[in-house]
There are 2 protein chains.
Amino acid sequence: MSAAPLTDFSRLCVHTITTKPWSIEEATEHYAAAGVAGVTVWRQWLDGREIAAVGENLRSVGIEIVSLCRGGFFPALDEAGRRAAIDDNLRAIDEAEALGAPLIVLVCGAAPGQPLQTSRDQIVAGIEAILPRCQETGIKLAIEPLHPMYADTRSAVNTLTQANDMCERIGDPLVGVAVDVYHLWWDPRLPVEIERAGQADRIFALHVCDWRVPTEDMLNDRGLMGEGCIDVRQIRGWVEAQGFDGMIEVEVFSNRYWAMDQHEFLDKIKTAYLENT
Amino acid sequence: MSAAPLTDFSRLCVHTITTKPWSIEEATEHYAAAGVAGVTVWRQWLDGREIAAVGENLRSVGIEIVSLCRGGFFPALDEAGRRAAIDDNLRAIDEAEALGAPLIVLVCGAAPGQPLQTSRDQIVAGIEAILPRCQETGIKLAIEPLHPMYADTRSAVNTLTQANDMCERIGDPLVGVAVDVYHLWWDPRLPVEIERAGQADRIFALHVCDWRVPTEDMLNDRGLMGEGCIDVRQIRGWVEAQGFDGMIEVEVFSNRYWAMDQHEFLDKIKTAYLENT
């Protein structure tokens with residue numbers, strides 16, 4: 001069931017936040033030189049840029065734009081907050097359109113002053129509110145379940161079961177899931193729910209990294225594939241058994257990697273990609 | 001469904017690790033003076049002590065011994081490691097018997113070099129290996145599902161669903177579950193699984209604290225009830241709707257509380273117990 005090793009970089013995508021010290025211009029140049037095939041652009045990397053030009057520049061050097069990261073954060077304690085979130089997500093769709101990104105990854109949000117179920121209902125309402133713009137533009141949305149340690153403020157969607165349930169409730173082919181090994185590796189239901197998502201054509205993204213032992217920071221101590229306890233190749237095998245052949249996105253938040261030379265880090269990413277992904 | 005507020009301390013139990021700076025002798029004296037009704041004794045607090053005398057001392061001041069914490073950590077990469085774990089758990093049963101504790105809480109363990117399912121099978125095998133001694137002594141075992149952020153090294157049992165499944169697989173009335181709000185609050189299946197455990201007479205313990213926002217340390221930044229985002233009273237309501245009327249155990253690991261005067265901290269515990277539990 002484990003996937004065969006990867007033998008080239010034709011499916012290697014890197015998130016701009018993975019190489020956080022690099023601007024979008026630096027990432028474009030250095031990813032292209034390193035043979036990285038795809039990029040997921042975090043919205044902060046577009047600040048003050050002509051977004052369409054960023055997209056053209058990436059395509060001109062042969063880099064595929066995999067997704068825009070991130071929309072979401074729909075829950076809020078008051079109506080004004082929820083309205084502001086919807087407006088921000090509509091702006092994200094505009095940005096994705098300008099950039100030429102076919103997909104927006106949703107970190108759905110949670111508001112600690114209210115029950116998780118209330119936040120979940122607000123997430124569904126938020127997605128439904130922006131769906132018409134998705135239908136106009138063809139831009140897809142990937143609900144990314146986040147690890148339960150982020151249930152307080154980052155996401156009330158914490159398992160692939162919940163994300164699949166939410167997709168069914170919304171019932172639109174433009175709404176699917178992002179499978180991130182860091183968030184989901186511990187869940188005994190993972191293979192079953194990957195199959196469920198696959199059967200419904202809802203696997204829109206695969207994010208990889210590793211869970212370091214010990215993990216010293218809840219946010220910024222992710223490891224490269226092979227550095228921790230996640231069997232990344234097995235999870236990739238489950239996803240690919242469903243027909244997924246899209247980009248494999250390296251999304252690493254790491255104070256220790258951000259502190260090193262980013263060219264050396266990119267070399268390490270490529271090695272980990274071939275050896276442990 | 002939320003429980004009615006607590007109006008006295010007749011069900012207040014404190015874990016010795018909650019007031020970590022106090023020895024067992026200090027805890028015995030100060031808990032009794034404060035009107036704490038019960039204690040869960042962590043095994044380190046028994047180091048170098050005459051265990052039976054510790055138990056007698058606690059009972060002589062009117063403190064009920066709720067459980068011994070903790071057994072478990074059954075998984076290991078090699079047979080010798082698994083055998084050592086079983087031996088240690090047999091010693092824990094001896095200690096519980098000497099102390100007069102009717103229950104041992106199990107933090108089940110996980111070994112990062114092997115699949116979680118392998119660790120889960122080793123947990124079941126470990127529990128089954130010590131069951132004969134439980135049957136001889138009448139001492140019960142509570143499987144405590146731990147938050148998924150501890151799946152790397154502390155427990156391969158991360159949801160109440162899994163703990164209930166494991167209890168069914170073992171099928172002995174001496175094996176049940178500990179419901180800890182910190183580990184389980186995020187799980188949308190929690191009310192259903194509490195009911196399932198209750199219907200099978202398997203709710204052996206209720207542990208309370210809170211999830212601070214933000215949480216700054218994965219281990220030692222727990223909050224007192226009311227300081228975070230967990231609706232402790234609702235979860236207590238679900239547990240008590242199943243007929244549970246046992247001790248409510250305050251289990252807080254907190255560098256910030258351990259650094260303060262422990263008498264003041266115990267006052268805060270009592271206030272949080274009445275107001276937010």
# chains A, B, ... in the order shown; residues from 1 in each chain; ligands from 1
$ interface_residues --of "chain A" --to "chain B" --cutoff "9 Å" --atoms "only C-alpha atoms" --output "PyMOL selection string"
chain A and resi 112-117+147-149+151-153+156+158-159+162+186-188+211-218+228-231
$ select_by_dssp --residues "region 113-274 of chain A" --states "strand (DSSP E or B)" --output "list in words"
Lys140, Leu141, Ala142, Ile143, Ser155, Val175, Gly176, Val177, Ala178, Val179, Asp180, Ile203, Phe204, Ala205, Leu206, His207, Val208, Asp210, Asp221, Gly223, Ile248, Glu249, Val250 and Ser254 of chain A
$ closest_residue --among "B:Leu103, B:Gly126, B:Gly109, B:Ala98" --to "Ile86 (chain B)" --atoms "only C-alpha atoms"
B:Gly126
$ atom_distance --atom1 "CA of Ala92 (chain A)" --atom2 "CA of Leu77 (chain A)"
21.8 Å
$ residues_around --residues "region 251-254 of chain A" --least-positions-apart "3" --cutoff "8 Å" --atoms "only C-alpha atoms" --output "JSON list (two decimals) with all heavy atoms, in the first residue's frame"
[["chain", "number", "residue", "atom", "x", "y", "z"],
["A", 14, "VAL", "N", 6.65, 23.53, -3.51],
["A", 14, "VAL", "CA", 7.09, 24.10, -2.23],
["A", 14, "VAL", "C", 6.19, 25.29, -1.89],
["A", 14, "VAL", "O", 5.83, 26.09, -2.77],
["A", 14, "VAL", "CB", 8.57, 24.54, -2.31],
["A", 14, "VAL", "CG1", 9.03, 25.18, -1.00],
["A", 14, "VAL", "CG2", 9.47, 23.35, -2.67],
["A", 15, "HIS", "N", 5.81, 25.37, -0.62],
["A", 15, "HIS", "CA", 5.04, 26.53, -0.14],
["A", 15, "HIS", "C", 6.00, 27.69, 0.11],
["A", 15, "HIS", "O", 7.08, 27.48, 0.68],
["A", 15, "HIS", "CB", 4.32, 26.17, 1.16],
["A", 15, "HIS", "CG", 3.08, 25.37, 0.96],
["A", 15, "HIS", "ND1", 1.88, 25.68, 1.57],
["A", 15, "HIS", "CD2", 2.84, 24.27, 0.20],
["A", 15, "HIS", "CE1", 0.96, 24.79, 1.20],
["A", 15, "HIS", "NE2", 1.51, 23.92, 0.39],
["A", 17, "ILE", "N", 5.97, 29.77, 2.32],
["A", 17, "ILE", "CA", 6.30, 29.93, 3.74],
["A", 17, "ILE", "C", 7.38, 28.94, 4.17],
["A", 17, "ILE", "O", 8.05, 29.15, 5.19],
["A", 17, "ILE", "CB", 5.04, 29.80, 4.62],
["A", 17, "ILE", "CG1", 5.30, 30.43, 5.99],
["A", 17, "ILE", "CG2", 4.59, 28.34, 4.72],
["A", 17, "ILE", "CD1", 4.06, 30.63, 6.83],
["A", 18, "THR", "N", 7.56, 27.88, 3.40],
["A", 18, "THR", "CA", 8.61, 26.89, 3.73],
["A", 18, "THR", "C", 9.98, 27.56, 3.69],
["A", 18, "THR", "O", 10.84, 27.31, 4.53],
["A", 18, "THR", "CB", 8.53, 25.70, 2.76],
["A", 18, "THR", "OG1", 7.26, 25.07, 2.94],
["A", 18, "THR", "CG2", 9.64, 24.69, 3.01],
["A", 207, "HIS", "N", -0.28, 17.69, 1.37],
["A", 207, "HIS", "CA", 0.80, 18.45, 2.00],
["A", 207, "HIS", "C", 1.67, 17.50, 2.83],
["A", 207, "HIS", "O", 1.14, 16.67, 3.57],
["A", 207, "HIS", "CB", 0.23, 19.52, 2.95],
["A", 207, "HIS", "CG", -0.60, 20.58, 2.27],
["A", 207, "HIS", "ND1", -1.19, 21.61, 2.97],
["A", 207, "HIS", "CD2", -0.91, 20.78, 0.96],
["A", 207, "HIS", "CE1", -1.84, 22.40, 2.12],
["A", 207, "HIS", "NE2", -1.69, 21.91, 0.90],
["A", 208, "VAL", "N", 2.98, 17.67, 2.72],
["A", 208, "VAL", "CA", 3.88, 16.78, 3.45],
["A", 208, "VAL", "C", 4.91, 17.54, 4.28],
["A", 208, "VAL", "O", 5.32, 18.66, 3.95],
["A", 208, "VAL", "CB", 4.62, 15.79, 2.50],
["A", 208, "VAL", "CG1", 3.62, 14.90, 1.77],
["A", 208, "VAL", "CG2", 5.51, 16.53, 1.51],
["A", 209, "CYS", "N", 5.33, 16.89, 5.35],
["A", 209, "CYS", "CA", 6.41, 17.34, 6.23],
["A", 209, "CYS", "C", 6.58, 16.19, 7.23],
["A", 209, "CYS", "O", 6.25, 15.05, 6.91],
["A", 209, "CYS", "CB", 6.09, 18.67, 6.93],
["A", 209, "CYS", "SG", 4.76, 18.60, 8.12],
["A", 219, "LEU", "N", 3.87, 25.41, 16.75],
["A", 219, "LEU", "CA", 3.66, 25.97, 15.43],
["A", 219, "LEU", "C", 4.83, 25.76, 14.48],
["A", 219, "LEU", "O", 4.65, 25.35, 13.34],
["A", 219, "LEU", "CB", 3.45, 27.49, 15.54],
["A", 219, "LEU", "CG", 2.04, 27.97, 15.80],
["A", 219, "LEU", "CD1", 2.03, 29.48, 15.86],
["A", 219, "LEU", "CD2", 1.09, 27.48, 14.70],
["A", 220, "ASN", "N", 6.03, 26.06, 14.95],
["A", 220, "ASN", "CA", 7.16, 26.22, 14.03],
["A", 220, "ASN", "C", 8.30, 25.25, 14.28],
["A", 220, "ASN", "O", 9.46, 25.62, 14.27],
["A", 220, "ASN", "CB", 7.65, 27.67, 14.10],
["A", 220, "ASN", "CG", 6.58, 28.65, 13.64],
["A", 220, "ASN", "OD1", 5.82, 28.33, 12.72],
["A", 220, "ASN", "ND2", 6.50, 29.80, 14.26],
["A", 221, "ASP", "N", 7.94, 23.98, 14.52],
["A", 221, "ASP", "CA", 8.99, 22.97, 14.70],
["A", 221, "ASP", "C", 8.70, 21.73, 13.85],
["A", 221, "ASP", "O", 8.96, 20.61, 14.25],
["A", 221, "ASP", "CB", 9.11, 22.60, 16.18],
["A", 221, "ASP", "CG", 10.38, 21.79, 16.46],
["A", 221, "ASP", "OD1", 11.36, 21.93, 15.69],
["A", 221, "ASP", "OD2", 10.38, 21.00, 17.42],
["A", 222, "ARG", "N", 8.16, 21.96, 12.68],
["A", 222, "ARG", "CA", 7.92, 20.82, 11.78],
["A", 222, "ARG", "C", 9.25, 20.31, 11.23],
["A", 222, "ARG", "O", 10.21, 21.07, 11.08],
["A", 222, "ARG", "CB", 7.03, 21.24, 10.62],
["A", 222, "ARG", "CG", 5.63, 21.65, 11.04],
["A", 222, "ARG", "CD", 4.75, 21.82, 9.81],
["A", 222, "ARG", "NE", 3.42, 22.30, 10.19],
["A", 222, "ARG", "CZ", 2.37, 22.29, 9.36],
["A", 222, "ARG", "NH1", 2.52, 21.83, 8.11],
["A", 222, "ARG", "NH2", 1.20, 22.73, 9.76],
["A", 223, "GLY", "N", 9.27, 19.04, 10.91],
["A", 223, "GLY", "CA", 10.46, 18.45, 10.33],
["A", 223, "GLY", "C", 10.30, 18.18, 8.85],
["A", 223, "GLY", "O", 9.19, 18.19, 8.31],
["A", 224, "LEU", "N", 11.42, 17.94, 8.19],
["A", 224, "LEU", "CA", 11.37, 17.44, 6.83],
["A", 224, "LEU", "C", 10.99, 15.96, 6.85],
["A", 224, "LEU", "O", 11.23, 15.26, 7.84],
["A", 224, "LEU", "CB", 12.75, 17.60, 6.17],
["A", 224, "LEU", "CG", 13.03, 18.99, 5.60],
["A", 224, "LEU", "CD1", 14.45, 19.04, 5.05],
["A", 224, "LEU", "CD2", 12.02, 19.33, 4.50],
["A", 257, "TYR", "N", 14.90, 25.71, 10.39],
["A", 257, "TYR", "CA", 15.23, 25.76, 8.96],
["A", 257, "TYR", "C", 15.21, 27.18, 8.41],
["A", 257, "TYR", "O", 15.98, 27.51, 7.52],
["A", 257, "TYR", "CB", 14.30, 24.85, 8.16],
["A", 257, "TYR", "CG", 14.67, 23.39, 8.29],
["A", 257, "TYR", "CD1", 13.75, 22.44, 8.69],
["A", 257, "TYR", "CD2", 15.96, 22.97, 8.00],
["A", 257, "TYR", "CE1", 14.10, 21.10, 8.80],
["A", 257, "TYR", "CE2", 16.33, 21.64, 8.11],
["A", 257, "TYR", "CZ", 15.39, 20.71, 8.52],
["A", 257, "TYR", "OH", 15.75, 19.40, 8.63],
["A", 258, "TRP", "N", 14.30, 28.00, 8.93],
["A", 258, "TRP", "CA", 14.27, 29.38, 8.47],
["A", 258, "TRP", "C", 15.57, 30.12, 8.83],
["A", 258, "TRP", "O", 15.93, 31.11, 8.21],
["A", 258, "TRP", "CB", 13.07, 30.13, 9.07],
["A", 258, "TRP", "CG", 11.75, 29.66, 8.52],
["A", 258, "TRP", "CD1", 11.51, 29.10, 7.29],
["A", 258, "TRP", "CD2", 10.47, 29.71, 9.18],
["A", 258, "TRP", "NE1", 10.18, 28.81, 7.15],
["A", 258, "TRP", "CE2", 9.51, 29.17, 8.30],
["A", 258, "TRP", "CE3", 10.04, 30.16, 10.43],
["A", 258, "TRP", "CZ2", 8.15, 29.07, 8.62],
["A", 258, "TRP", "CZ3", 8.69, 30.06, 10.76],
["A", 258, "TRP", "CH2", 7.76, 29.52, 9.86]]
$ residues_around --residues "Phe204 (chain B)" --least-positions-apart "4" --cutoff "7 Å" --atoms "only C-alpha atoms" --output "ChimeraX atom specification"
/B:142,176-178
$ residues_around --residues "Gly243 (chain B)" --least-positions-apart "4" --cutoff "12 Å" --atoms "only C-alpha atoms" --output "VMD selection string"
chain B and resid 194 to 195 197 to 204 236 to 239
$ atom_distance --atom1 "CA of Pro5 (chain A)" --atom2 "CA of Glu144 (chain A)"
25.2 Å
$ residues_around --residues "Gln44 (chain B)" --least-positions-apart "4" --cutoff "12 Å" --atoms "only C-alpha atoms" --output "list in words"
His15, Thr16, Ile17, Lys20, Trp22, Ser23, Ile24, Thr40, Gly48, Arg49, Ile51, Leu68, Cys69, Arg70, Gly71, Ala92 and Glu95 of chain B
$ write_last_selection --atoms "N, CA, C and O atoms" --output "compact mmCIF listing (two decimals), in the first residue's frame"
# COMPACT_ATOMS: atom_id res chain seq x y z
N HIS B 15 -4.67 15.91 42.00
CA HIS B 15 -3.52 15.05 41.68
C HIS B 15 -2.27 15.60 42.35
O HIS B 15 -2.06 16.82 42.32
N THR B 16 -1.45 14.74 42.90
CA THR B 16 -0.25 15.25 43.58
C THR B 16 0.63 16.06 42.63
O THR B 16 1.30 17.00 43.05
N ILE B 17 0.58 15.74 41.32
CA ILE B 17 1.43 16.50 40.40
C ILE B 17 0.89 17.91 40.19
O ILE B 17 1.64 18.80 39.76
N LYS B 20 2.93 20.19 42.42
CA LYS B 20 4.20 19.48 42.27
C LYS B 20 5.25 19.82 43.34
O LYS B 20 6.01 18.94 43.76
N TRP B 22 4.96 20.17 46.43
CA TRP B 22 4.68 19.54 47.71
C TRP B 22 4.99 18.05 47.69
O TRP B 22 4.56 17.33 46.77
N SER B 23 5.65 17.58 48.69
CA SER B 23 5.84 16.14 48.89
C SER B 23 4.50 15.52 49.25
O SER B 23 3.51 16.22 49.51
N ILE B 24 4.46 14.20 49.31
CA ILE B 24 3.21 13.54 49.68
C ILE B 24 2.80 13.90 51.12
O ILE B 24 1.61 14.07 51.40
N THR B 40 -5.33 11.78 43.85
CA THR B 40 -4.73 10.79 42.97
C THR B 40 -3.22 10.93 43.13
O THR B 40 -2.66 12.02 42.97
N GLY B 48 10.78 6.10 47.89
CA GLY B 48 11.45 6.10 49.18
C GLY B 48 10.51 6.11 50.37
O GLY B 48 10.94 6.31 51.51
N ARG B 49 9.22 5.94 50.11
CA ARG B 49 8.26 5.95 51.21
C ARG B 49 7.80 4.52 51.53
O ARG B 49 7.85 3.63 50.69
N ILE B 51 4.84 2.63 51.51
CA ILE B 51 3.62 2.96 50.76
C ILE B 51 2.35 2.75 51.59
O ILE B 51 1.44 3.58 51.58
N LEU B 68 -4.06 5.63 41.46
CA LEU B 68 -2.61 5.72 41.34
C LEU B 68 -2.31 6.06 39.89
O LEU B 68 -2.87 5.48 38.96
N CYS B 69 -1.42 7.02 39.71
CA CYS B 69 -1.12 7.51 38.37
C CYS B 69 0.41 7.45 38.19
O CYS B 69 1.13 7.99 39.02
N ARG B 70 0.96 6.76 37.27
CA ARG B 70 0.29 6.17 36.18
C ARG B 70 0.98 4.89 35.77
O ARG B 70 2.21 4.77 35.89
N GLY B 71 0.21 3.94 35.27
CA GLY B 71 0.74 2.77 34.59
C GLY B 71 0.72 3.01 33.09
O GLY B 71 0.46 4.12 32.63
N ALA B 92 3.24 -1.49 39.65
CA ALA B 92 2.22 -0.45 39.93
C ALA B 92 1.02 -1.06 40.64
O ALA B 92 0.44 -0.43 41.54
N GLU B 95 1.92 -1.50 44.17
CA GLU B 95 1.90 -0.19 44.85
C GLU B 95 0.47 0.25 45.14
O GLU B 95 0.18 0.76 46.23
$ residues_around --residues "region 7-9 of chain A" --least-positions-apart "5" --cutoff "10 Å" --atoms "only C-alpha atoms" --output "PyMOL selection string"
chain A and resi 34-38+247-248+270+273-275
$ write_last_selection --atoms "C-alpha atoms" --output "tab-separated table (two decimals), in the first residue's frame"
chain	number	residue	atom	x	y	z
A	34	ALA	CA	16.48	24.06	-8.32
A	35	GLY	CA	13.95	22.36	-10.56
A	36	VAL	CA	11.00	22.76	-8.24
A	37	ALA	CA	7.90	22.12	-10.34
A	38	GLY	CA	5.21	23.91	-8.39
A	247	MET	CA	1.65	17.98	-6.78
A	248	ILE	CA	3.23	16.90	-3.51
A	270	LYS	CA	14.90	17.69	-2.44
A	273	TYR	CA	11.52	14.32	-1.14
A	274	LEU	CA	13.33	11.54	-2.97
A	275	GLU	CA	14.33	9.48	0.04
$ closest_residue --among "A:Thr271, A:Leu160, A:Ala84, A:Ala76" --to "Asp121 (chain A)" --atoms "only C-alpha atoms"
A:Ala76
$ select_by_dssp --residues "region 89-173 of chain B" --states "helix (DSSP H, G or I)" --output "PyMOL selection string"
chain B and resi 89-99+116-137+148-150+160-170
$ closest_residue --among "B:Asp87, B:Glu64, B:Asp267, B:Glu25" --to "Leu46 (chain B)" --atoms "only C-alpha atoms"
B:Glu25
$ closest_residue --among "A:Thr118, A:Asn89, A:Gln262, A:Thr28" --to "Gly62 (chain A)" --atoms "only C-alpha atoms"
A:Thr28
$ closest_residue --among "A:Leu6, A:Ile143, A:Leu174, A:Ala110" --to "Asn276 (chain A)" --atoms "only C-alpha atoms"
A:Leu6
$ decode --residues "region 222-233 of chain A" --atoms "all heavy atoms" --output "tab-separated table (two decimals), in the first residue's frame"
chain	number	residue	atom	x	y	z
A	222	ARG	N	8.16	21.96	12.68
A	222	ARG	CA	7.92	20.82	11.78
A	222	ARG	C	9.25	20.31	11.23
A	222	ARG	O	10.21	21.07	11.08
A	222	ARG	CB	7.03	21.24	10.62
A	222	ARG	CG	5.63	21.65	11.04
A	222	ARG	CD	4.75	21.82	9.81
A	222	ARG	NE	3.42	22.30	10.19
A	222	ARG	CZ	2.37	22.29	9.36
A	222	ARG	NH1	2.52	21.83	8.11
A	222	ARG	NH2	1.20	22.73	9.76
A	223	GLY	N	9.27	19.04	10.91
A	223	GLY	CA	10.46	18.45	10.33
A	223	GLY	C	10.30	18.18	8.85
A	223	GLY	O	9.19	18.19	8.31
A	224	LEU	N	11.42	17.94	8.19
A	224	LEU	CA	11.37	17.44	6.83
A	224	LEU	C	10.99	15.96	6.85
A	224	LEU	O	11.23	15.26	7.84
A	224	LEU	CB	12.75	17.60	6.17
A	224	LEU	CG	13.03	18.99	5.60
A	224	LEU	CD1	14.45	19.04	5.05
A	224	LEU	CD2	12.02	19.33	4.50
A	225	MET	N	10.46	15.50	5.76
A	225	MET	CA	10.03	14.11	5.65
A	225	MET	C	11.20	13.19	6.01
A	225	MET	O	12.31	13.35	5.50
A	225	MET	CB	9.55	13.83	4.21
A	225	MET	CG	8.39	14.70	3.77
A	225	MET	SD	8.87	16.44	3.38
A	225	MET	CE	9.65	16.23	1.77
A	226	GLY	N	10.93	12.25	6.90
A	226	GLY	CA	11.96	11.33	7.35
A	226	GLY	C	12.58	11.72	8.67
A	226	GLY	O	13.29	10.93	9.29
A	227	GLU	N	12.33	12.93	9.12
A	227	GLU	CA	12.92	13.38	10.38
A	227	GLU	C	12.07	13.06	11.59
A	227	GLU	O	12.47	13.36	12.72
A	227	GLU	CB	13.10	14.91	10.36
A	227	GLU	CG	14.26	15.37	9.53
A	227	GLU	CD	14.48	16.86	9.73
A	227	GLU	OE1	13.50	17.62	9.90
A	227	GLU	OE2	15.66	17.27	9.70
A	228	GLY	N	10.88	12.52	11.37
A	228	GLY	CA	9.99	12.32	12.50
A	228	GLY	C	9.31	10.97	12.46
A	228	GLY	O	9.86	10.00	11.95
A	229	CYS	N	8.10	10.91	13.00
A	229	CYS	CA	7.43	9.62	13.20
A	229	CYS	C	6.31	9.35	12.21
A	229	CYS	O	5.61	8.35	12.34
A	229	CYS	CB	6.90	9.56	14.63
A	229	CYS	SG	5.74	10.89	15.03
A	230	ILE	N	6.13	10.21	11.22
A	230	ILE	CA	5.05	10.00	10.25
A	230	ILE	C	5.54	9.12	9.11
A	230	ILE	O	6.61	9.34	8.56
A	230	ILE	CB	4.55	11.35	9.68
A	230	ILE	CG1	4.08	12.27	10.81
A	230	ILE	CG2	3.42	11.11	8.66
A	230	ILE	CD1	3.63	13.65	10.33
A	231	ASP	N	4.73	8.12	8.76
A	231	ASP	CA	5.05	7.30	7.58
A	231	ASP	C	4.45	8.01	6.37
A	231	ASP	O	3.36	7.68	5.89
A	231	ASP	CB	4.48	5.89	7.75
A	231	ASP	CG	4.99	4.95	6.68
A	231	ASP	OD1	5.44	5.43	5.61
A	231	ASP	OD2	4.95	3.72	6.90
A	232	VAL	N	5.18	9.01	5.88
A	232	VAL	CA	4.67	9.86	4.80
A	232	VAL	C	4.40	9.04	3.54
A	232	VAL	O	3.39	9.23	2.86
A	232	VAL	CB	5.68	11.00	4.48
A	232	VAL	CG1	5.17	11.86	3.33
A	232	VAL	CG2	5.93	11.86	5.72
A	233	ARG	N	5.29	8.11	3.27
A	233	ARG	CA	5.13	7.33	2.03
A	233	ARG	C	3.86	6.48	2.07
A	233	ARG	O	3.20	6.30	1.05
A	233	ARG	CB	6.37	6.47	1.78
A	233	ARG	CG	6.40	5.86	0.40
A	233	ARG	CD	7.75	5.29	0.05
A	233	ARG	NE	8.73	6.33	-0.18
A	233	ARG	CZ	10.04	6.10	-0.31
A	233	ARG	NH1	10.51	4.85	-0.24
A	233	ARG	NH2	10.88	7.09	-0.52
